[in-house]
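Peer 1: Supplied structure: run31.cif, mmCIF, C-alpha atoms and all ligand atoms; chains and numbers go by the auth columns.
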```cif
data_work
loop_
_atom_site.group_PDB
_atom_site.id
_atom_site.type_symbol
_atom_site.label_atom_id
_atom_site.label_comp_id
_atom_site.label_asym_id
_atom_site.label_seq_id
_atom_site.Cartn_x
_atom_site.Cartn_y
_atom_site.Cartn_z
_atom_site.B_iso_or_equiv
_atom_site.auth_seq_id
_atom_site.auth_asym_id
ATOM 1 C CA MET A 1 147.749 71.393 75.532 0.00 1 T
ATOM 2 C CA ILE A 2 148.379 69.155 72.558 0.00 2 T
ATOM 3 C CA TYR A 3 151.982 68.322 71.699 0.00 3 T
ATOM 4 C CA LEU A 4 152.715 66.871 68.283 0.00 4 T
ATOM 5 C CA ILE A 5 155.880 64.807 68.206 0.00 5 T
ATOM 6 C CA GLY A 6 157.583 62.729 65.535 0.00 6 T
ATOM 7 C CA PHE A 7 160.654 62.513 63.360 0.00 7 T
ATOM 8 C CA MET A 8 161.599 65.304 60.946 0.00 8 T
ATOM 9 C CA GLY A 9 159.268 65.115 57.968 0.00 9 T
ATOM 10 C CA SER A 10 156.468 63.283 59.788 0.00 10 T
ATOM 11 C CA GLY A 11 154.062 66.181 59.137 0.00 11 T
ATOM 12 C CA LYS A 12 153.897 67.840 62.566 0.00 12 T
ATOM 13 C CA SER A 13 153.584 71.402 61.231 0.00 13 T
ATOM 14 C CA THR A 14 150.931 70.593 58.657 0.00 14 T
ATOM 15 C CA ILE A 15 148.819 68.596 61.094 0.00 15 T
ATOM 16 C CA ALA A 16 149.238 71.156 63.888 0.00 16 T
ATOM 17 C CA LYS A 17 147.843 73.880 61.638 0.00 17 T
ATOM 18 C CA MET A 18 144.888 71.768 60.572 0.00 18 T
ATOM 19 C CA LEU A 19 144.206 70.613 64.118 0.00 19 T
ATOM 20 C CA SER A 20 144.330 74.182 65.327 0.00 20 T
ATOM 21 C CA GLU A 21 141.603 75.115 62.836 0.00 21 T
ATOM 22 C CA LYS A 22 139.432 72.219 63.992 0.00 22 T
ATOM 23 C CA THR A 23 139.896 72.678 67.717 0.00 23 T
ATOM 24 C CA ASN A 24 140.240 76.449 67.901 0.00 24 T
ATOM 25 C CA TYR A 25 143.366 76.088 69.979 0.00 25 T
ATOM 26 C CA PRO A 26 146.027 78.477 68.712 0.00 26 T
ATOM 27 C CA TYR A 27 148.954 76.848 66.977 0.00 27 T
ATOM 28 C CA ILE A 28 152.647 77.352 67.733 0.00 28 T
ATOM 29 C CA GLU A 29 155.626 76.096 65.760 0.00 29 T
ATOM 30 C CA MET A 30 158.302 75.596 68.391 0.00 30 T
ATOM 31 C CA ASP A 31 161.291 75.897 66.029 0.00 31 T
ATOM 32 C CA GLN A 32 159.936 79.132 64.643 0.00 32 T
ATOM 33 C CA ALA A 33 159.259 80.537 68.124 0.00 33 T
ATOM 34 C CA ILE A 34 162.837 79.716 69.161 0.00 34 T
ATOM 35 C CA GLU A 35 164.198 81.289 65.987 0.00 35 T
ATOM 36 C CA GLU A 36 162.239 84.451 66.711 0.00 36 T
ATOM 37 C CA THR A 37 163.351 84.698 70.344 0.00 37 T
ATOM 38 C CA GLU A 38 166.963 84.019 69.454 0.00 38 T
ATOM 39 C CA GLY A 39 166.942 86.110 66.288 0.00 39 T
ATOM 40 C CA MET A 40 168.700 83.288 64.507 0.00 40 T
ATOM 41 C CA LYS A 41 167.886 80.399 62.187 0.00 41 T
ATOM 42 C CA ILE A 42 168.051 76.911 63.713 0.00 42 T
ATOM 43 C CA ARG A 43 170.783 75.823 61.319 0.00 43 T
ATOM 44 C CA ASP A 44 172.905 78.863 62.291 0.00 44 T
ATOM 45 C CA MET A 45 172.296 78.103 65.960 0.00 45 T
ATOM 46 C CA PHE A 46 173.530 74.536 65.465 0.00 46 T
ATOM 47 C CA ALA A 47 176.549 75.773 63.524 0.00 47 T
ATOM 48 C CA GLY A 48 177.465 78.701 65.777 0.00 48 T
ATOM 49 C CA LYS A 49 176.355 77.699 69.265 0.00 49 T
ATOM 50 C CA GLY A 50 176.015 73.957 69.047 0.00 50 T
ATOM 51 C CA GLU A 51 173.207 71.454 69.407 0.00 51 T
ATOM 52 C CA GLN A 52 173.116 71.579 73.221 0.00 52 T
ATOM 53 C CA TYR A 53 172.438 75.311 73.148 0.00 53 T
ATOM 54 C CA PHE A 54 169.416 74.651 70.933 0.00 54 T
ATOM 55 C CA ARG A 55 168.297 71.783 73.198 0.00 55 T
ATOM 56 C CA ASP A 56 168.426 74.161 76.181 0.00 56 T
ATOM 57 C CA LYS A 57 166.188 76.566 74.284 0.00 57 T
ATOM 58 C CA GLU A 58 163.709 73.766 73.613 0.00 58 T
ATOM 59 C CA THR A 59 163.502 72.915 77.319 0.00 59 T
ATOM 60 C CA GLU A 60 163.191 76.588 78.244 0.00 60 T
ATOM 61 C CA PHE A 61 160.392 76.998 75.734 0.00 61 T
ATOM 62 C CA LEU A 62 158.432 74.036 77.140 0.00 62 T
ATOM 63 C CA LYS A 63 158.866 75.321 80.685 0.00 63 T
ATOM 64 C CA ASN A 64 157.586 78.782 79.797 0.00 64 T
ATOM 65 C CA LEU A 65 154.592 77.636 77.780 0.00 65 T
ATOM 66 C CA LYS A 66 151.514 78.950 79.586 0.00 66 T
ATOM 67 C CA ASN A 67 148.551 79.003 77.221 0.00 67 T
ATOM 68 C CA ASP A 68 146.646 76.045 75.909 0.00 68 T
ATOM 69 C CA VAL A 69 147.910 75.540 72.372 0.00 69 T
ATOM 70 C CA VAL A 70 148.598 72.960 69.692 0.00 70 T
ATOM 71 C CA LEU A 71 152.373 72.783 69.709 0.00 71 T
ATOM 72 C CA SER A 72 154.338 71.467 66.767 0.00 72 T
ATOM 73 C CA THR A 73 157.617 70.387 68.367 0.00 73 T
ATOM 74 C CA GLY A 74 161.020 69.785 66.792 0.00 74 T
ATOM 75 C CA GLY A 75 161.863 66.160 66.050 0.00 75 T
ATOM 76 C CA GLY A 76 164.472 65.969 68.797 0.00 76 T
ATOM 77 C CA VAL A 77 162.329 67.237 71.656 0.00 77 T
ATOM 78 C CA ILE A 78 161.937 63.723 73.036 0.00 78 T
ATOM 79 C CA LEU A 79 165.696 63.274 73.519 0.00 79 T
ATOM 80 C CA ARG A 80 165.659 64.853 76.988 0.00 80 T
ATOM 81 C CA GLU A 81 163.905 63.107 79.795 0.00 81 T
ATOM 82 C CA GLU A 82 163.051 66.494 81.256 0.00 82 T
ATOM 83 C CA ASN A 83 161.194 67.442 78.059 0.00 83 T
ATOM 84 C CA ARG A 84 159.285 64.168 78.002 0.00 84 T
ATOM 85 C CA ALA A 85 158.238 64.813 81.602 0.00 85 T
ATOM 86 C CA LEU A 86 157.225 68.420 80.884 0.00 86 T
ATOM 87 C CA MET A 87 154.962 67.270 78.047 0.00 87 T
ATOM 88 C CA GLN A 88 153.114 64.860 80.295 0.00 88 T
ATOM 89 C CA GLU A 89 150.875 67.656 81.553 0.00 89 T
ATOM 90 C CA GLY A 90 149.177 67.671 78.144 0.00 90 T
ATOM 91 C CA THR A 91 148.277 65.170 75.445 0.00 91 T
ATOM 92 C CA VAL A 92 151.230 63.966 73.411 0.00 92 T
ATOM 93 C CA VAL A 93 150.459 62.820 69.874 0.00 93 T
ATOM 94 C CA TYR A 94 153.077 60.856 67.964 0.00 94 T
ATOM 95 C CA LEU A 95 152.857 61.102 64.180 0.00 95 T
ATOM 96 C CA LYS A 96 154.448 57.808 63.311 0.00 96 T
ATOM 97 C CA ALA A 97 155.975 57.517 59.856 0.00 97 T
ATOM 98 C CA GLU A 98 157.867 54.686 58.220 0.00 98 T
ATOM 99 C CA TRP A 99 161.477 55.352 57.264 0.00 99 T
ATOM 100 C CA GLU A 100 160.531 55.226 53.568 0.00 100 T
ATOM 101 C CA THR A 101 157.966 58.003 54.044 0.00 101 T
ATOM 102 C CA ILE A 102 160.520 60.216 55.761 0.00 102 T
ATOM 103 C CA VAL A 103 163.110 59.676 53.031 0.00 103 T
ATOM 104 C CA GLU A 104 160.548 60.422 50.337 0.00 104 T
ATOM 105 C CA ARG A 105 159.645 63.712 51.997 0.00 105 T
ATOM 106 C CA LEU A 106 163.092 64.917 53.040 0.00 106 T
ATOM 107 C CA THR A 107 165.194 64.007 50.030 0.00 107 T
ATOM 108 C CA GLY A 108 166.824 67.238 48.889 0.00 108 T
ATOM 109 C CA ASP A 109 166.165 69.065 52.181 0.00 109 T
ATOM 110 C CA THR A 110 169.171 71.176 53.108 0.00 110 T
ATOM 111 C CA ASP A 111 167.557 73.219 55.849 0.00 111 T
ATOM 112 C CA ARG A 112 167.645 70.704 58.679 0.00 112 T
ATOM 113 C CA PRO A 113 171.012 70.456 60.441 0.00 113 T
ATOM 114 C CA LEU A 114 170.414 66.876 61.584 0.00 114 T
ATOM 115 C CA TRP A 115 169.257 65.585 58.214 0.00 115 T
ATOM 116 C CA LYS A 116 172.789 65.102 57.032 0.00 116 T
ATOM 117 C CA GLY A 117 175.372 62.460 56.336 0.00 117 T
ATOM 118 C CA ASP A 118 174.830 59.209 54.519 0.00 118 T
ATOM 119 C CA ASP A 119 171.689 57.102 54.647 0.00 119 T
ATOM 120 C CA SER A 120 172.951 54.857 57.406 0.00 120 T
ATOM 121 C CA GLU A 121 173.671 57.821 59.685 0.00 121 T
ATOM 122 C CA LYS A 122 170.180 59.198 59.127 0.00 122 T
ATOM 123 C CA LYS A 123 168.557 55.822 59.546 0.00 123 T
ATOM 124 C CA LYS A 124 170.478 55.252 62.771 0.00 124 T
ATOM 125 C CA ARG A 125 169.131 58.534 64.185 0.00 125 T
ATOM 126 C CA PHE A 126 165.626 57.478 63.144 0.00 126 T
ATOM 127 C CA ASP A 127 165.948 54.034 64.742 0.00 127 T
ATOM 128 C CA GLU A 128 167.428 55.404 67.951 0.00 128 T
ATOM 129 C CA ARG A 129 164.482 57.711 68.457 0.00 129 T
ATOM 130 C CA LEU A 130 161.599 55.342 67.757 0.00 130 T
ATOM 131 C CA GLY A 131 161.413 54.043 71.308 0.00 131 T
ATOM 132 C CA LEU A 132 161.488 57.543 72.762 0.00 132 T
ATOM 133 C CA TYR A 133 158.573 58.719 70.638 0.00 133 T
ATOM 134 C CA GLU A 134 156.570 55.667 71.691 0.00 134 T
ATOM 135 C CA GLN A 135 157.501 56.214 75.305 0.00 135 T
ATOM 136 C CA ALA A 136 156.418 59.861 75.307 0.00 136 T
ATOM 137 C CA ALA A 137 153.175 59.369 73.364 0.00 137 T
ATOM 138 C CA ASP A 138 149.624 59.234 74.676 0.00 138 T
ATOM 139 C CA VAL A 139 148.235 58.748 71.166 0.00 139 T
ATOM 140 C CA VAL A 140 150.039 57.180 68.196 0.00 140 T
ATOM 141 C CA ILE A 141 148.804 57.893 64.664 0.00 141 T
ATOM 142 C CA ASP A 142 150.238 56.089 61.654 0.00 142 T
ATOM 143 C CA VAL A 143 150.669 58.684 58.938 0.00 143 T
ATOM 144 C CA ASP A 144 151.891 56.615 56.004 0.00 144 T
ATOM 145 C CA HIS A 145 149.765 56.678 52.845 0.00 145 T
ATOM 146 C CA LYS A 146 147.239 59.071 54.378 0.00 146 T
ATOM 147 C CA THR A 147 146.313 62.629 53.444 0.00 147 T
ATOM 148 C CA PRO A 148 146.715 65.399 56.022 0.00 148 T
ATOM 149 C CA GLU A 149 142.909 65.635 56.138 0.00 149 T
ATOM 150 C CA GLU A 150 142.588 61.927 56.953 0.00 150 T
ATOM 151 C CA ILE A 151 145.246 62.169 59.639 0.00 151 T
ATOM 152 C CA THR A 152 143.651 65.209 61.251 0.00 152 T
ATOM 153 C CA GLU A 153 140.231 63.592 61.203 0.00 153 T
ATOM 154 C CA GLU A 154 141.559 60.434 62.825 0.00 154 T
ATOM 155 C CA LEU A 155 143.340 62.505 65.424 0.00 155 T
ATOM 156 C CA VAL A 156 140.267 64.555 66.332 0.00 156 T
ATOM 157 C CA GLU A 157 138.336 61.308 66.831 0.00 157 T
ATOM 158 C CA ARG A 158 140.999 59.916 69.113 0.00 158 T
ATOM 159 C CA LEU A 159 141.624 62.951 71.296 0.00 159 T
HETATM 160 C C1 LIG B . 165.490 68.384 64.854 0.00 201 R
HETATM 161 C C2 LIG B . 164.345 68.612 64.126 0.00 201 R
HETATM 162 C C3 LIG B . 163.991 69.938 63.593 0.00 201 R
HETATM 163 C C4 LIG B . 164.626 71.044 64.414 0.00 201 R
HETATM 164 C C5 LIG B . 166.102 70.811 64.549 0.00 201 R
HETATM 165 C C6 LIG B . 166.438 69.479 65.205 0.00 201 R
HETATM 166 C C7 LIG B . 165.780 67.017 65.321 0.00 201 R
HETATM 167 O O1 LIG B . 162.572 70.100 63.594 0.00 201 R
HETATM 168 O O2 LIG B . 164.054 71.140 65.679 0.00 201 R
HETATM 169 O O3 LIG B . 166.638 70.890 63.281 0.00 201 R
HETATM 170 O O4 LIG B . 166.659 66.842 66.192 0.00 201 R
HETATM 171 O O5 LIG B . 165.113 66.075 64.849 0.00 201 R
HETATM 172 P P1 LIG B . 161.564 69.307 62.601 0.00 201 R
HETATM 173 O O6 LIG B . 161.223 68.009 63.233 0.00 201 R
HETATM 174 O O7 LIG B . 160.396 70.218 62.518 0.00 201 R
HETATM 175 O O8 LIG B . 162.271 69.145 61.311 0.00 201 R
#
```
Spit out the file's structure as structure tokens when you get a sec.

Peer 2:
Amino acid sequence: MIYLIGFMGSGKSTIAKMLSEKTNYPYIEMDQAIEETEGMKIRDMFAGKGEQYFRDKETEFLKNLKNDVVLSTGGGVILREENRALMQEGTVVYLKAEWETIVERLTGDTDRPLWKGDDSEKKKRFDERLGLYEQAADVVIDVDHKTPEEITEELVERL
């Protein structure tokens, strides 16, 4: 099992797809899988049922994951200790992006419920999570100023 972790906009989905092609492991987008099971968009889940409900679904998803896959996680998966522990049975890859890279990619994004508020609120969330990503990771890949192909290649070499 390969878990890709990192802040929103760090490129988890793109890299997971490319890695899946290279490794022949199937690829799963965790947010999408949760949306399908719940029959609801993530942003509606946050609005209607609250963040904790969504976090419960993330933990449930990790617990029920049976097959060997490349999993693109949601950026907040590392918030729960239980999730960090569950991911330890596989290889956890942290796609590490600078704040500037994230801002460049997510400016104008209205789909993500936790990409909201002013810059300092967003930056605070980013800063608060850095240590958790590091803590959970087996492999850390810097993604700034690299193409998805370069990142995937580096990752394959380091797995
Ligand atoms: C979240 C990130 C999102 C999604 C949800 C919460 C977060 O996934 O799971 O909106 O807490 O960082 P992406 O990292 O794919 O944007």

Peer 1: Need the axis-aligned box for segment 70-73 of chain T with 3 Å each side, so what are the centre and edges in Å to one decimal, as AutoDock Vina command-line options?

Peer 2:
```
--center_x 153.1 --center_y 71.7 --center_z 68.2 --size_x 15.0 --size_y 8.6 --size_z 8.9
```

Peer 1: Translate the PyMOL selection byres (((chain T and resi 83) around 10) and not hetatm), as applied to the file shown, into an explicit residue set as number ranges by chain.

Peer 2: T: 55, 58-63, 76-82, 84-88, 136

Peer 1: Export C-alpha atoms of the chosen residues as a compact mmCIF listing (two decimals), keeping the file's coordinate frame?

Peer 2:
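Saved as result_21.txt:
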```txt
# COMPACT_ATOMS: atom_id res chain seq x y z
CA ARG T 55 168.30 71.78 73.20
CA GLU T 58 163.71 73.77 73.61
CA THR T 59 163.50 72.92 77.32
CA GLU T 60 163.19 76.59 78.24
CA PHE T 61 160.39 77.00 75.73
CA LEU T 62 158.43 74.04 77.14
CA LYS T 63 158.87 75.32 80.68
CA GLY T 76 164.47 65.97 68.80
CA VAL T 77 162.33 67.24 71.66
CA ILE T 78 161.94 63.72 73.04
CA LEU T 79 165.70 63.27 73.52
CA ARG T 80 165.66 64.85 76.99
CA GLU T 81 163.90 63.11 79.80
CA GLU T 82 163.05 66.49 81.26
CA ARG T 84 159.28 64.17 78.00
CA ALA T 85 158.24 64.81 81.60
CA LEU T 86 157.22 68.42 80.88
CA MET T 87 154.96 67.27 78.05
CA GLN T 88 153.11 64.86 80.30
CA ALA T 136 156.42 59.86 75.31
```

Peer 1: Using only C-alpha atoms and all ligand atoms, which residue out of T:Gln52, T:Asn64, T:Thr152, T:Ser72 lies closest to ligand LIG 201 (chain R)?

Peer 2: T:Ser72

Peer 1: Expanded to explicit residues, what is the PyMOL selection byres (((chain T and resi 139) around 10) and not hetatm) for this file, as a VMD selection string?

Peer 2: chain T and resid 4 91 to 95 134 136 to 138 140 to 141 155 158 to 159

Peer 1: Keeping only C-alpha atoms, write those residues as a short mmCIF file (atom, residue, chain, number, x, y, z; two decimals), in the coordinates of the input.

Peer 2:
```cif
data_model
loop_
_atom_site.label_atom_id
_atom_site.label_comp_id
_atom_site.auth_asym_id
_atom_site.auth_seq_id
_atom_site.Cartn_x
_atom_site.Cartn_y
_atom_site.Cartn_z
CA LEU T 4 152.72 66.87 68.28
CA THR T 91 148.28 65.17 75.44
CA VAL T 92 151.23 63.97 73.41
CA VAL T 93 150.46 62.82 69.87
CA TYR T 94 153.08 60.86 67.96
CA LEU T 95 152.86 61.10 64.18
CA GLU T 134 156.57 55.67 71.69
CA ALA T 136 156.42 59.86 75.31
CA ALA T 137 153.18 59.37 73.36
CA ASP T 138 149.62 59.23 74.68
CA VAL T 140 150.04 57.18 68.20
CA ILE T 141 148.80 57.89 64.66
CA LEU T 155 143.34 62.50 65.42
CA ARG T 158 141.00 59.92 69.11
CA LEU T 159 141.62 62.95 71.30
#
```

Peer 1: Would you mind telling me which residue in T:Pro148, T:Gly108, T:Gly6, T:Gly74 lies nearest to ligand LIG 201 (chain R) when using only C-alpha atoms and all ligand atoms?

Peer 2: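 Once distances to ligand LIG 201 (chain R) are computed over only C-alpha atoms and all ligand atoms, the minimum belongs to T:Gly74.
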
Peer 1: Identify all residues satisfying the PyMOL selection byres (((not hetatm)) within 9 of (chain R and resi 201)) in the given file; provide them as an MDAnalysis selection string.

Peer 2: chainID T and resid 5:13 29:31 42:43 46 51 54:55 58 72:79 111:115 125:126

Peer 1: Using all atoms listed in the file and a cutoff of 12 Å, can you tell me which residues are near (151.7, 59.6, 55.8) in the file's coordinates, and write them out as JSON, numbers by chain?

Peer 2: {"T": [6, 9, 10, 11, 12, 14, 15, 95, 96, 97, 98, 99, 100, 101, 102, 103, 104, 105, 141, 142, 143, 144, 145, 146, 147, 148, 149, 150, 151, 152]}

Peer 1: Pick out the closest residue to Glu157 of chain T from this set: T:Tyr27, T:Lys17, T:Lys22, T:Asp118. Count only C-alpha atoms.

Peer 2: T:Lys22

Peer 1: To one decimal place, how far is atom CA of Lys57 of chain T from atom CA of Tyr3 of chain T in Å?

Peer 2: 16.6 Å

Peer 1: Just to confirm, what's the straight-line distance from atom CA of Leu71 of chain T to atom CA of Ala16 of chain T in Å (one decimal)?

Peer 2: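 Calculated distance between atom CA of Leu71 of chain T and atom CA of Ala16 of chain T is 6.8 Å.
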
Peer 1: Got a sec: who's within 12 Å of Asn67 of chain T, counting all atoms listed in the file, leaving out chain neighbours fewer than 6 positions off, as a PyMOL selection string?

Peer 2: chain T and resi 1-2+25-28+90

Peer 1: Report, in Å with one decimal, the straight-line distance from atom CA of Glu89 of chain T to atom CA of Asp68 of chain T.

Peer 2: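 So the two atoms, atom CA of Glu89 of chain T and atom CA of Asp68 of chain T, lie 11.0 Å apart.
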
Peer 1: Thr23 of chain T: which residues within 9 Å, counting all atoms listed in the file, same-chain residues fewer than 3 positions away excluded, as an mmCIF file with C-alpha atoms, keeping the file's coordinate frame?

Peer 2:
```
data_model
loop_
_atom_site.group_PDB
_atom_site.id
_atom_site.type_symbol
_atom_site.label_atom_id
_atom_site.label_comp_id
_atom_site.auth_asym_id
_atom_site.auth_seq_id
_atom_site.Cartn_x
_atom_site.Cartn_y
_atom_site.Cartn_z
ATOM 1 C CA MET T 18 144.888 71.768 60.572
ATOM 2 C CA LEU T 19 144.206 70.613 64.118
ATOM 3 C CA SER T 20 144.330 74.182 65.327
ATOM 4 C CA PRO T 26 146.027 78.477 68.712
ATOM 5 C CA VAL T 70 148.598 72.960 69.692
ATOM 6 C CA VAL T 156 140.267 64.555 66.332
#
```
